[in-house]
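Novice: Have a peek at data25.txt (compact mmCIF, C-alpha atoms).
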```txt
# COMPACT_ATOMS: atom_id res chain seq x y z
CA MET A 1 -3.44 17.57 -20.16
CA ALA A 2 -6.79 17.02 -21.89
CA ASP A 3 -6.76 13.36 -20.88
CA VAL A 4 -6.18 14.10 -17.19
CA ARG A 5 -8.60 15.78 -14.80
CA ALA A 6 -7.27 18.73 -12.79
CA VAL A 7 -7.92 19.97 -9.27
CA SER A 8 -7.30 23.56 -8.19
CA ALA A 9 -5.07 24.61 -5.30
CA ALA A 10 -8.17 25.83 -3.44
CA GLU A 11 -9.87 22.44 -3.87
CA LEU A 12 -6.74 20.64 -2.67
CA MET A 13 -6.57 22.88 0.39
CA ALA A 14 -10.21 22.03 1.16
CA LEU A 15 -9.27 18.32 1.05
CA HIS A 16 -6.47 19.00 3.54
CA ARG A 17 -8.96 20.65 5.90
CA ASP A 18 -11.28 17.66 5.57
CA LEU A 19 -8.39 15.42 6.60
CA LEU A 20 -7.75 17.53 9.69
CA ARG A 21 -11.40 17.07 10.67
CA GLY A 22 -11.05 13.31 10.37
CA ASP A 23 -14.31 13.00 8.45
CA GLY A 24 -13.31 9.87 6.51
CA THR A 25 -11.59 11.70 3.67
CA GLU A 26 -8.61 9.95 2.08
CA LEU A 27 -5.96 11.56 -0.10
CA ALA A 28 -2.79 10.26 -1.71
CA LEU A 29 -0.67 13.27 -2.69
CA VAL A 30 2.13 12.44 -5.14
CA ASP A 31 4.98 14.60 -6.45
CA ALA A 32 6.01 13.25 -9.85
CA ARG A 33 9.38 15.00 -10.17
CA GLU A 34 12.80 13.42 -9.76
CA PRO A 35 14.19 13.35 -6.19
CA THR A 36 16.73 16.14 -6.73
CA GLU A 37 13.94 18.52 -7.77
CA PHE A 38 11.50 17.25 -5.16
CA THR A 39 13.87 17.96 -2.27
CA GLN A 40 14.19 21.62 -3.24
CA ARG A 41 10.51 22.46 -2.62
CA HIS A 42 7.32 20.45 -2.30
CA LEU A 43 4.04 20.17 -0.43
CA LEU A 44 4.47 18.83 3.09
CA TYR A 45 2.57 15.57 2.65
CA ALA A 46 3.59 14.89 -0.95
CA ALA A 47 5.22 11.51 -1.52
CA ASN A 48 7.95 11.51 -4.13
CA LEU A 49 7.00 9.03 -6.87
CA PRO A 50 8.58 9.79 -10.25
CA LEU A 51 7.44 7.91 -13.34
CA SER A 52 10.43 5.54 -13.23
CA HIS A 53 9.33 4.30 -9.78
CA VAL A 54 5.59 4.01 -10.31
CA GLY A 55 5.40 0.45 -11.63
CA LEU A 56 7.57 -0.99 -8.88
CA GLU A 57 6.38 0.96 -5.84
CA VAL A 58 2.86 2.24 -6.23
CA ALA A 59 0.98 -0.94 -5.23
CA ALA A 60 2.68 -1.00 -1.83
CA ARG A 61 2.53 2.75 -1.27
CA ILE A 62 -1.04 3.35 -2.51
CA PRO A 63 -2.69 -0.06 -2.10
CA ARG A 64 -6.33 0.93 -2.80
CA ARG A 65 -6.73 1.77 -6.46
CA SER A 66 -9.97 3.70 -5.91
CA ALA A 67 -8.36 6.09 -3.41
CA PRO A 68 -8.25 9.76 -4.49
CA VAL A 69 -4.80 10.57 -5.90
CA VAL A 70 -3.58 14.09 -6.69
CA VAL A 71 -0.32 14.33 -8.64
CA CYS A 72 1.75 17.51 -8.77
CA ASP A 73 4.88 18.94 -10.37
CA ASP A 74 6.31 22.40 -11.03
CA GLY A 75 5.01 22.77 -14.55
CA GLY A 76 7.34 20.33 -16.29
CA GLY A 77 4.65 17.85 -17.35
CA GLU A 78 5.70 15.02 -15.03
CA ALA A 79 2.37 15.07 -13.16
CA ALA A 80 0.31 14.33 -16.28
CA ALA A 81 2.63 11.48 -17.26
CA VAL A 82 2.41 9.85 -13.83
CA ALA A 83 -1.36 10.40 -13.65
CA LEU A 84 -1.83 8.67 -17.01
CA GLU A 85 0.39 5.78 -15.89
CA LEU A 86 -1.65 5.39 -12.71
CA THR A 87 -4.83 5.30 -14.78
CA VAL A 88 -3.33 2.55 -16.94
CA LEU A 89 -2.51 0.62 -13.75
CA GLY A 90 -6.14 0.80 -12.64
CA TYR A 91 -6.23 3.85 -10.35
CA THR A 92 -9.70 5.30 -10.92
CA ASP A 93 -9.67 8.66 -9.13
CA THR A 94 -6.49 10.39 -10.29
CA THR A 95 -6.13 14.14 -10.87
CA VAL A 96 -3.30 16.63 -11.28
CA LEU A 97 -2.78 19.87 -9.38
CA ASP A 98 -3.67 22.64 -11.79
CA GLY A 99 -0.74 25.05 -12.01
CA GLY A 100 1.49 22.75 -9.95
CA ILE A 101 3.24 23.67 -6.74
CA ASP A 102 3.55 27.31 -7.80
CA ALA A 103 -0.24 27.58 -7.81
CA TRP A 104 -0.27 26.07 -4.31
CA ALA A 105 2.22 28.69 -3.10
CA ALA A 106 0.31 31.49 -4.83
CA ALA A 107 -2.83 30.40 -2.97
CA GLY A 108 -0.98 30.76 0.36
CA GLY A 109 0.19 27.17 0.81
CA GLU A 110 3.54 26.36 2.41
CA LEU A 111 6.30 24.68 0.41
CA TYR A 112 8.94 22.68 2.25
CA SER A 113 12.41 21.46 1.31
CA GLY A 114 14.19 18.25 2.27
CA ILE A 115 13.13 14.62 2.65
CA ASN A 116 10.85 12.85 5.14
CA VAL A 117 9.71 16.29 6.25
CA PRO A 118 6.50 15.34 8.12
CA SER A 119 8.51 13.02 10.35
CA LYS A 120 11.40 15.41 10.87
CA LEU A 121 9.02 18.25 11.72
CA PHE A 122 7.22 15.96 14.15
CA GLY A 123 10.51 15.08 15.86
CA GLU A 124 11.32 18.74 16.44
CA LEU A 125 7.87 19.31 17.90
CA VAL A 126 8.23 16.24 20.14
CA GLU A 127 11.44 17.65 21.60
CA ALA A 128 9.75 20.98 22.32
CA HIS A 129 6.53 19.49 23.70
CA PHE A 130 8.08 16.88 26.00
CA ASP A 131 11.24 18.88 26.77
CA THR A 132 13.36 15.88 25.75
CA PRO A 133 16.82 16.35 27.31
CA HIS A 134 19.97 16.15 25.22
CA VAL A 135 23.73 16.02 25.60
CA SER A 136 26.20 17.71 23.25
CA ALA A 137 28.92 15.80 21.47
CA THR A 138 31.67 17.41 23.56
CA GLU A 139 29.81 16.60 26.78
CA LEU A 140 29.36 12.99 25.73
CA ALA A 141 33.03 12.71 24.79
CA GLY A 142 33.86 13.93 28.30
CA TRP A 143 31.51 11.39 29.87
CA LEU A 144 33.15 8.59 27.90
CA ALA A 145 36.65 9.78 28.85
CA GLU A 146 35.82 9.83 32.55
CA GLY A 147 34.28 6.35 32.41
CA ARG A 148 30.77 7.40 33.41
CA ASP A 149 28.17 4.61 33.69
CA LEU A 150 26.40 5.03 30.37
CA VAL A 151 25.19 3.17 27.32
CA VAL A 152 25.19 4.65 23.81
CA VAL A 153 22.54 3.17 21.52
CA ASP A 154 22.24 4.04 17.84
CA SER A 155 18.60 4.17 16.74
CA ARG A 156 19.28 4.10 12.99
CA THR A 157 19.22 1.01 10.82
CA ARG A 158 21.91 -1.59 11.28
CA ARG A 159 23.36 -0.69 7.88
CA GLU A 160 23.65 3.00 8.78
CA PHE A 161 25.32 2.06 12.08
CA ASN A 162 27.85 -0.04 10.18
CA ARG A 163 28.66 2.93 7.94
CA MET A 164 29.55 5.23 10.86
CA SER A 165 28.99 5.20 14.61
CA ILE A 166 29.76 6.89 17.92
CA PRO A 167 32.56 5.16 19.90
CA THR A 168 31.19 2.46 22.27
CA GLY A 169 27.79 2.68 20.57
CA ARG A 170 25.61 -0.33 19.82
CA SER A 171 22.98 -0.72 17.15
CA CYS A 172 19.37 -0.78 18.33
CA PRO A 173 16.92 0.50 15.68
CA GLY A 174 14.30 2.82 17.15
CA GLY A 175 11.40 0.38 17.08
CA GLU A 176 13.42 -2.05 19.22
CA LEU A 177 14.58 0.37 21.92
CA VAL A 178 11.81 -0.18 24.47
CA ARG A 179 12.06 -3.96 24.03
CA ARG A 180 15.82 -4.25 24.37
CA VAL A 181 17.45 -1.45 26.32
CA GLY A 182 16.33 -2.55 29.79
CA ASP A 183 18.78 -5.45 29.76
CA LEU A 184 21.74 -3.07 29.41
CA ILE A 185 21.23 -0.70 32.30
CA GLY A 186 21.67 -0.59 36.03
CA GLU A 187 20.24 1.80 38.59
CA GLY A 188 22.66 4.62 37.77
CA THR A 189 23.16 4.04 34.04
CA THR A 190 22.53 6.90 31.63
CA VAL A 191 21.25 5.95 28.16
CA VAL A 192 22.34 8.15 25.25
CA VAL A 193 20.38 7.70 22.01
CA ASN A 194 21.94 8.87 18.76
CA CYS A 195 21.16 8.91 15.06
CA ALA A 196 22.85 10.77 12.19
CA GLY A 197 21.12 14.08 12.89
CA ARG A 198 18.22 14.80 15.19
CA THR A 199 14.89 13.04 14.58
CA ARG A 200 15.61 9.44 15.54
CA SER A 201 17.73 10.55 18.51
CA ILE A 202 14.81 12.61 19.82
CA MET A 203 12.15 10.00 19.08
CA GLY A 204 14.21 7.15 20.52
CA ALA A 205 15.08 9.03 23.70
CA GLN A 206 11.50 10.17 24.22
CA SER A 207 10.16 6.65 23.60
CA LEU A 208 12.36 5.34 26.42
CA ARG A 209 11.41 8.22 28.71
CA SER A 210 7.72 7.64 27.97
CA ALA A 211 8.33 3.99 28.85
CA GLY A 212 9.44 5.04 32.33
CA LEU A 213 13.23 5.33 32.00
CA GLU A 214 14.36 8.66 33.43
CA ARG A 215 18.12 8.68 32.81
CA VAL A 216 17.81 8.96 29.03
CA VAL A 217 19.10 11.76 26.78
CA ALA A 218 19.35 12.36 23.05
CA LEU A 219 22.74 13.08 21.49
CA LYS A 220 22.27 16.60 20.13
CA ASP A 221 22.74 16.56 16.34
CA GLY A 222 23.83 12.91 16.29
CA THR A 223 26.87 11.78 14.32
CA MET A 224 26.86 15.10 12.45
CA GLY A 225 27.25 16.98 15.70
CA TRP A 226 30.04 14.59 16.67
CA GLU A 227 31.93 15.35 13.47
CA LEU A 228 31.27 19.08 13.69
CA ALA A 229 32.82 19.02 17.18
CA GLY A 230 36.04 17.63 15.64
CA LEU A 231 35.55 14.15 17.08
CA GLN A 232 36.23 10.88 15.28
CA LEU A 233 33.53 8.42 14.29
CA GLU A 234 34.09 4.69 14.00
CA HIS A 235 33.36 2.67 10.89
CA GLY A 236 32.51 -0.94 10.06
CA ARG A 237 31.19 -1.93 13.49
CA ASP A 238 28.25 -4.31 13.94
CA GLU A 239 27.68 -4.57 17.71
CA GLN A 240 23.98 -4.95 18.43
CA VAL A 241 21.85 -4.73 21.55
CA PRO A 242 20.78 -8.32 22.27
CA GLU A 243 17.28 -9.69 22.72
CA PRO A 244 15.92 -9.03 26.24
CA ASP A 245 15.57 -11.63 28.97
CA ALA A 246 12.17 -12.65 30.39
CA ASP A 247 12.05 -9.95 33.09
CA ASP A 248 12.91 -7.16 30.67
CA ARG A 249 10.33 -8.45 28.19
CA GLN A 250 7.68 -8.14 30.88
CA GLN A 251 8.79 -4.59 31.70
CA ALA A 252 8.65 -3.69 28.01
CA LEU A 253 5.15 -5.14 27.73
CA ALA A 254 4.03 -3.09 30.73
CA ALA A 255 5.47 0.06 29.12
CA ALA A 256 3.61 -0.73 25.90
CA VAL A 257 0.33 -1.18 27.80
CA ALA A 258 0.81 2.21 29.44
CA ALA A 259 1.51 3.83 26.06
CA ALA A 260 -1.62 2.22 24.63
CA GLU A 261 -3.75 3.63 27.43
CA ARG A 262 -2.23 7.10 27.15
CA CYS A 263 -2.59 7.39 23.38
CA GLY A 264 -5.70 5.32 22.80
CA VAL A 265 -4.02 2.49 20.88
CA ARG A 266 -6.55 -0.19 19.95
CA THR A 267 -5.82 -3.88 19.40
CA ILE A 268 -7.69 -5.84 16.73
CA ASP A 269 -7.87 -9.53 15.79
CA ARG A 270 -7.40 -11.28 12.46
CA ASP A 271 -11.13 -11.32 11.72
CA GLN A 272 -11.33 -7.53 12.03
CA LEU A 273 -8.27 -7.14 9.84
CA SER A 274 -9.79 -9.38 7.18
CA ALA A 275 -13.01 -7.38 7.26
CA TRP A 276 -11.13 -4.10 6.83
CA LEU A 277 -9.02 -5.45 3.97
CA ALA A 278 -12.22 -6.54 2.21
CA GLN A 279 -13.61 -3.00 2.23
CA SER A 280 -13.44 -1.26 -1.13
CA ASP A 281 -14.03 2.28 0.20
CA ARG A 282 -11.29 2.57 2.82
CA THR A 283 -7.54 1.99 2.69
CA THR A 284 -5.92 -0.30 5.26
CA TYR A 285 -2.14 -0.54 5.48
CA VAL A 286 -0.64 -3.58 7.23
CA MET A 287 2.89 -2.81 8.38
CA ASP A 288 5.22 -5.36 10.00
CA VAL A 289 7.42 -3.30 12.34
CA ARG A 290 9.89 -6.04 13.25
CA THR A 291 13.49 -6.08 12.06
CA PRO A 292 14.17 -6.73 8.34
CA GLU A 293 15.67 -10.12 9.26
CA GLU A 294 12.54 -11.16 11.17
CA PHE A 295 10.30 -9.95 8.36
CA ALA A 296 12.29 -11.90 5.75
CA ALA A 297 12.00 -15.08 7.85
CA GLY A 298 8.20 -14.95 7.66
CA HIS A 299 5.37 -12.45 7.79
CA LEU A 300 1.67 -12.01 7.13
CA PRO A 301 1.00 -12.12 3.37
CA GLU A 302 -0.77 -8.74 3.54
CA ALA A 303 2.10 -6.99 5.34
CA THR A 304 4.82 -4.64 4.16
CA GLY A 305 8.08 -4.62 6.10
CA ALA A 306 8.55 -1.28 7.86
CA PRO A 307 10.76 -1.44 10.98
CA GLY A 308 9.08 0.69 13.64
CA GLY A 309 11.69 3.38 13.97
CA GLN A 310 11.95 3.76 10.20
CA LEU A 311 8.18 3.94 9.78
CA VAL A 312 7.93 6.90 12.16
CA GLN A 313 11.07 8.44 10.63
CA ALA A 314 9.81 8.17 7.03
CA THR A 315 6.01 8.04 7.04
CA ASP A 316 5.85 9.60 3.57
CA GLU A 317 7.77 6.67 2.09
CA TYR A 318 5.46 3.99 3.49
CA LEU A 319 2.06 5.63 4.14
CA VAL A 320 1.06 7.75 1.17
CA THR A 321 -2.73 7.65 1.53
CA ARG A 322 -3.60 10.03 4.36
CA GLY A 323 -6.80 9.21 6.21
CA ALA A 324 -6.10 5.48 5.87
CA ARG A 325 -6.09 2.92 8.64
CA VAL A 326 -2.68 1.60 9.68
CA VAL A 327 -2.50 -1.85 11.29
CA LEU A 328 0.86 -2.64 12.92
CA ALA A 329 2.10 -6.17 13.47
CA ASP A 330 4.95 -7.74 15.42
CA HIS A 331 5.47 -10.86 17.52
CA ASP A 332 4.82 -9.48 21.04
CA GLY A 333 2.96 -6.17 20.68
CA VAL A 334 5.71 -3.97 22.14
CA GLY A 335 7.19 -2.40 19.03
CA ALA A 336 3.82 -2.24 17.30
CA THR A 337 2.23 -0.43 20.23
CA MET A 338 5.04 2.08 20.67
CA THR A 339 4.99 2.79 16.93
CA ALA A 340 1.19 3.17 16.95
CA SER A 341 1.40 5.60 19.87
CA TRP A 342 3.57 7.93 17.78
CA LEU A 343 1.57 7.53 14.56
CA ILE A 344 -1.64 8.44 16.40
CA GLN A 345 0.00 11.65 17.59
CA MET A 346 0.99 12.34 13.98
CA GLY A 347 -2.67 12.09 12.97
CA TRP A 348 -2.85 8.50 11.69
CA ASP A 349 -5.64 6.05 12.54
CA ALA A 350 -3.24 3.41 13.86
CA CYS A 351 -3.90 0.20 15.78
CA VAL A 352 -2.14 -3.06 16.68
CA LEU A 353 -2.83 -6.58 15.45
CA GLU A 354 -2.98 -9.21 18.19
CA PRO A 355 0.44 -10.89 18.05
CA ASP A 356 -0.91 -14.45 18.11
CA TRP A 357 -0.57 -14.58 14.31
CA ALA A 358 3.18 -15.20 14.72
CA GLY A 359 2.44 -18.72 15.98
CA GLU A 360 0.24 -19.71 13.03
CA PRO A 361 2.46 -21.15 10.26
CA GLU A 362 -0.44 -21.21 7.79
CA SER A 363 -0.78 -17.42 8.17
CA VAL A 364 2.85 -16.64 7.44
CA THR A 365 4.74 -16.39 4.18
CA GLY A 366 8.33 -15.75 3.22
CA GLY A 367 9.14 -12.37 1.71
CA ASN A 368 10.34 -11.87 -1.84
CA ASP A 369 8.04 -9.17 -3.13
CA ALA A 370 9.99 -6.76 -5.33
CA ALA A 371 8.04 -3.65 -4.33
CA GLU A 372 8.56 -4.27 -0.63
CA ALA A 373 12.23 -5.02 -1.25
CA ALA A 374 12.59 -1.69 -3.06
CA LEU A 375 11.11 0.20 -0.12
CA ARG A 376 13.20 -1.65 2.45
CA SER A 377 16.47 -1.35 0.52
CA ARG A 378 16.66 2.43 0.46
CA GLN A 379 19.89 3.59 2.06
CA PRO A 380 19.28 7.04 3.56
CA PRO A 381 21.55 9.45 1.67
CA LEU A 382 24.21 11.51 3.33
CA PRO A 383 23.38 15.22 2.96
CA TYR A 384 27.00 15.96 2.04
CA ASP A 385 30.07 14.65 0.23
CA PRO A 386 32.15 12.82 2.86
CA GLU A 387 35.29 13.10 0.69
CA ASP A 388 35.42 16.91 0.98
CA ALA A 389 35.78 17.89 4.63
CA GLU A 390 34.96 21.58 4.26
CA VAL A 391 31.95 20.98 2.03
CA ALA A 392 30.81 18.24 4.39
CA ARG A 393 31.00 20.48 7.46
CA ALA A 394 29.05 23.27 5.78
CA ALA A 395 26.44 20.84 4.47
CA MET A 396 26.02 19.14 7.85
CA GLN A 397 25.55 22.46 9.63
CA GLY A 398 23.12 23.61 6.95
CA TYR A 399 21.13 20.39 7.29
CA LEU A 400 20.89 20.74 11.08
CA ASP A 401 19.90 24.40 10.81
CA TRP A 402 17.16 23.44 8.32
CA GLU A 403 15.79 20.77 10.64
CA VAL A 404 15.70 23.06 13.69
CA ALA A 405 13.85 25.72 11.67
CA LEU A 406 10.99 23.43 10.57
CA PRO A 407 8.70 24.42 13.49
CA ASP A 408 8.73 27.99 12.15
CA GLN A 409 7.02 26.76 8.99
CA TYR A 410 4.63 24.64 11.04
CA ALA A 411 3.56 27.78 12.90
CA ARG A 412 2.60 29.39 9.59
CA ASP A 413 0.91 26.32 8.11
CA ASP A 414 -2.77 25.99 9.02
CA LEU A 415 -3.17 22.77 6.99
CA VAL A 416 -1.20 20.51 9.34
CA GLU A 417 -1.71 19.65 13.01
CA PHE A 418 -0.08 17.20 15.41
CA ARG A 419 -1.81 16.28 18.67
CA PHE A 420 0.27 15.13 21.60
CA HIS A 421 -0.78 12.73 24.37
```
Could you write out this structure as structure tokens?

Specialist:
Amino acid sequence: MADVRAVSAAELMALHRDLLRGDGTELALVDAREPTEFTQRHLLYAANLPLSHVGLEVAARIPRRSAPVVVCDDGGGEAAAVALELTVLGYTDTTVLDGGIDAWAAAGGELYSGINVPSKLFGELVEAHFDTPHVSATELAGWLAEGRDLVVVDSRTRREFNRMSIPTGRSCPGGELVRRVGDLIGEGTTVVVNCAGRTRSIMGAQSLRSAGLERVVALKDGTMGWELAGLQLEHGRDEQVPEPDADDRQQALAAAVAAAERCGVRTIDRDQLSAWLAQSDRTTYVMDVRTPEEFAAGHLPEATGAPGGQLVQATDEYLVTRGARVVLADHDGVGATMTASWLIQMGWDACVLEPDWAGEPESVTGGNDAAEAALRSRQPPLPYDPEDAEVARAAMQGYLDWEVALPDQYARDDLVEFRFH
């Protein structure tokens, strides 16, 4: 430990308060333990980055090497090892949390369990704030049986949809919903948005409602709720919601403009982006929120692929340096603007890059970067063993109960704040 500087729990709490004030403070908070230990208890905004992942992932997740980095563990020595590795890689302001996460708890700080907790907490608060309507699995099964005019869209990744899906559902990852759903519905059509659990169902449904569609509901508890109700999922399907026609594209653009005005989403040009990237005292993330296929076909050389719905669902995986700028890019501004509108409400300084870059071949490169591929390839784990039905049911219910209870911790935690528009 003699080779690594330490920061106290009280000092780290003061940094969190500076971040809430938005005074220009940046902080990358890293938990150096292995994922199985990390998920048991950790600081809310800690990004899991064990030593075995540092070399491959850190450049994409913490792009500015002079950003303040605090590394923590639970006393096992992992934090010092990761901090020393970061120093070797050129990170110049790296410290460890003295006493680890137990010292944080002893000082009155909250410890959370689970993965992607900031995003899942935010989703629960979105549902409560906007009163996002939902339908239960048994109700939806009844609607399908009676032939009601409805469309089921799955807001997870295409790969997750292929693994398991609601009958009649179609894949439409969350960042694409506002762009694509309009082409599927008539005057009396109800749109049901599902994911595996709760967050992406809520966020997808509320995105569509905020875009002006009224007959939209979230499937309560997603595919887990479907299974817990004794209903059968489908497997191996690949039906996707198609690209919109010209009229629906215009409606989606209008919805994005309204979201930008409501949430204060700014648009910047390439010159501004270049100026920001040249700054040595402020972090700027550039995130391409299009589909993985579109990103692989060509993207800005500075960009990391982060499909919009996944970026909001897993901010801690992509955006580790809090207080950083986040510039979102796509080819028409719709997905980038809707994503920015949510990130702003989560406390991020997010804006949209003018989409004219997509027509400049000299500005676009193909994507082979190993670090970006590692981030994009993560398959979200099932929170249960699907081969054991009883264990699976108990685990699914436990997972859903955990998610619903997150706002109780938020109410106790004075070091986090979301601001809705």

Novice: Interatomic distance between atom CA of A:Arg163 and atom CA of A:His235?

Specialist: 5.6 Å

Novice: So that I can see what lies close to A:Phe418, please list as a ChimeraX atom specification the residues with an atom at most 12 Å from it, counting all atoms listed in the file and leaving out residues fewer than 2 positions away in the same chain.

Specialist: /A:20,118-119,121-126,129,342-348,407,410-411,413-416,420-421

Novice: Go through A:Val364, A:Leu277, A:His299, A:Glu227 and flag the residue nearest A:Ala394, using all atoms listed in the file for the distances.

Specialist: A:Glu227

Novice: Quick check, in Å to one decimal: how far apart do atom CA of A:Gly24 and atom CA of A:Ala103 lie?

Specialist: 26.3 Å

Novice: To one decimal place, how far is atom CA of A:Thr138 from atom CA of A:Val217 in Å?

Specialist: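 Atom CA of A:Val217 lies at a distance of 14.2 Å from atom CA of A:Thr138.
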
Novice: Can you pull out every residue within 10 Å of A:Glu302, counting only C-alpha atoms, but drop anything in the same chain fewer than 3 positions away, and send it as a JSON list (two decimals) with C-alpha atoms, keeping the file's coordinate frame?

Specialist:
```json
[["chain", "number", "residue", "atom", "x", "y", "z"],
["A", 273, "LEU", "CA", -8.27, -7.14, 9.84],
["A", 274, "SER", "CA", -9.79, -9.38, 7.18],
["A", 277, "LEU", "CA", -9.02, -5.45, 3.97],
["A", 285, "TYR", "CA", -2.14, -0.54, 5.48],
["A", 286, "VAL", "CA", -0.64, -3.58, 7.23],
["A", 287, "MET", "CA", 2.89, -2.81, 8.38],
["A", 288, "ASP", "CA", 5.22, -5.36, 10.00],
["A", 299, "HIS", "CA", 5.37, -12.45, 7.79],
["A", 363, "SER", "CA", -0.78, -17.42, 8.17],
["A", 364, "VAL", "CA", 2.85, -16.64, 7.44],
["A", 365, "THR", "CA", 4.74, -16.39, 4.18]]
```

Novice: Which residue gives the smallest distance to A:Ala80 among A:Leu300, A:Val404, A:Val30, A:Ala141, with all atoms listed in the file counted?

Specialist: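 Going through A:Leu300, A:Val404, A:Val30, A:Ala141 one by one, the smallest distance to A:Ala80 is for A:Val30.
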
Novice: A:Gly55, A:Tyr399, A:Leu208, A:Thr337: which is nearest A:Val88, counting all atoms listed in the file?

Specialist: A:Gly55

Novice: Write out as a PDB file with C-alpha atoms, in the coordinates of the input which residues come within 8 Å of stretch 106-108 of chain A when counting all atoms listed in the file, dropping same-chain ones fewer than 4 positions away.

Specialist:
```pdb
ATOM      1  CA  ALA A   9      -5.070  24.610  -5.300  1.00  0.00           C
ATOM      2  CA  ALA A  10      -8.170  25.830  -3.440  1.00  0.00           C
ATOM      3  CA  ASP A 102       3.550  27.310  -7.800  1.00  0.00           C
TER       4      ASP A 102
END
```

Novice: Kindly indicate which residue among A:His134, A:Gly225, A:Ala59, A:Glu176 lies nearest to A:Asp401, using all atoms listed in the file for the distances.

Specialist: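 The answer is A:Gly225, which sits nearest to A:Asp401.
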
Novice: For A:Ser136, which of A:Val257, A:Ala205, A:Val71, A:Leu228 is the closest residue, counting all atoms listed in the file?

Specialist: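 Among the listed residues, the smallest separation from A:Ser136 belongs to A:Leu228.
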
Novice: Dig up all the protein and nucleic acid residues within 7 Å of (21.3, 18.1, 21.5) in the file frame, using all atoms listed in the file, and format them as a list in words.

Specialist: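 Applying the cut-off with all atoms listed in the file, one gets His134, Val135, Ser136, Ala218, Leu219, Lys220 and Asp221 of chain A.
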
Novice: Which residues come within 10 Å of A:Arg249, counting all atoms listed in the file, excluding same-chain residues fewer than 4 positions away, as a list in words?

Specialist: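 Result of the neighbour search: Val178, Arg179, Arg180, Gly182, Asp183, Glu243, Pro244, Asp245, Leu253, Ala254, Ala255, Asp332 and Val334 of chain A.
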
Novice: With distances taken over all atoms listed in the file, which residue among A:Ala358, A:Leu328, A:Leu86, A:Ala46 lies nearest A:Val58?

Specialist: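 Of A:Ala358, A:Leu328, A:Leu86, A:Ala46, the one nearest A:Val58, counting all atoms listed in the file, is A:Leu86.
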
Novice: Could you list, as a CSV table (one decimal) with C-alpha atoms, in the coordinates of the input, every residue within 10 Å of A:Gly188, counting only C-alpha atoms and ignoring same-chain residues fewer than 4 positions away?

Specialist:
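Here's the written file around_0.csv:
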```csv
chain,number,residue,atom,x,y,z
A,148,ARG,CA,30.8,7.4,33.4
A,149,ASP,CA,28.2,4.6,33.7
A,150,LEU,CA,26.4,5.0,30.4
A,215,ARG,CA,18.1,8.7,32.8
```

Novice: Taking (11.7, 17.0, -5.3) in the file's coordinates as the center, which residues reach within 12 Å of it, counting only C-alpha atoms, put as a PDB file with C-alpha atoms, keeping the file's coordinate frame?

Specialist:
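Done, and the output landed in point-v4.pdb:
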```
ATOM      1  CA  VAL A  30       2.130  12.440  -5.140  1.00  0.00           C
ATOM      2  CA  ASP A  31       4.980  14.600  -6.450  1.00  0.00           C
ATOM      3  CA  ALA A  32       6.010  13.250  -9.850  1.00  0.00           C
ATOM      4  CA  ARG A  33       9.380  15.000 -10.170  1.00  0.00           C
ATOM      5  CA  GLU A  34      12.800  13.420  -9.760  1.00  0.00           C
ATOM      6  CA  PRO A  35      14.190  13.350  -6.190  1.00  0.00           C
ATOM      7  CA  THR A  36      16.730  16.140  -6.730  1.00  0.00           C
ATOM      8  CA  GLU A  37      13.940  18.520  -7.770  1.00  0.00           C
ATOM      9  CA  PHE A  38      11.500  17.250  -5.160  1.00  0.00           C
ATOM     10  CA  THR A  39      13.870  17.960  -2.270  1.00  0.00           C
ATOM     11  CA  GLN A  40      14.190  21.620  -3.240  1.00  0.00           C
ATOM     12  CA  ARG A  41      10.510  22.460  -2.620  1.00  0.00           C
ATOM     13  CA  HIS A  42       7.320  20.450  -2.300  1.00  0.00           C
ATOM     14  CA  LEU A  43       4.040  20.170  -0.430  1.00  0.00           C
ATOM     15  CA  LEU A  44       4.470  18.830   3.090  1.00  0.00           C
ATOM     16  CA  ALA A  46       3.590  14.890  -0.950  1.00  0.00           C
ATOM     17  CA  ALA A  47       5.220  11.510  -1.520  1.00  0.00           C
ATOM     18  CA  ASN A  48       7.950  11.510  -4.130  1.00  0.00           C
ATOM     19  CA  LEU A  49       7.000   9.030  -6.870  1.00  0.00           C
ATOM     20  CA  PRO A  50       8.580   9.790 -10.250  1.00  0.00           C
ATOM     21  CA  CYS A  72       1.750  17.510  -8.770  1.00  0.00           C
ATOM     22  CA  ASP A  73       4.880  18.940 -10.370  1.00  0.00           C
ATOM     23  CA  ASP A  74       6.310  22.400 -11.030  1.00  0.00           C
ATOM     24  CA  GLU A  78       5.700  15.020 -15.030  1.00  0.00           C
ATOM     25  CA  ILE A 101       3.240  23.670  -6.740  1.00  0.00           C
ATOM     26  CA  LEU A 111       6.300  24.680   0.410  1.00  0.00           C
ATOM     27  CA  TYR A 112       8.940  22.680   2.250  1.00  0.00           C
ATOM     28  CA  SER A 113      12.410  21.460   1.310  1.00  0.00           C
ATOM     29  CA  GLY A 114      14.190  18.250   2.270  1.00  0.00           C
ATOM     30  CA  ILE A 115      13.130  14.620   2.650  1.00  0.00           C
ATOM     31  CA  ASN A 116      10.850  12.850   5.140  1.00  0.00           C
ATOM     32  CA  VAL A 117       9.710  16.290   6.250  1.00  0.00           C
TER      33      VAL A 117
END
```

Novice: How close does each residue of stretch 118-211 of chain A get to stretch 307-325 of chain A, giving the shortest atom pair and distance in Å to one decimal for every residue with an atom at most 8 Å away, counting only C-alpha atoms, sorted by chain and residue number, as a tab-separated table?

Specialist:
```
residue	atom	partner	partner_atom	distance
A:Pro118	CA	A:Asp316	CA	7.4
A:Ser119	CA	A:Gln313	CA	5.3
A:Lys120	CA	A:Gln313	CA	7.0
A:Ser155	CA	A:Gly309	CA	7.5
A:Arg156	CA	A:Gly309	CA	7.7
A:Thr157	CA	A:Gln310	CA	7.8
A:Pro173	CA	A:Gly309	CA	6.2
A:Gly174	CA	A:Gly309	CA	4.2
A:Gly175	CA	A:Gly308	CA	4.2
A:Glu176	CA	A:Gly308	CA	7.6
A:Thr199	CA	A:Gln313	CA	7.2
A:Arg200	CA	A:Gln313	CA	6.8
A:Gly204	CA	A:Gly309	CA	8.0
```
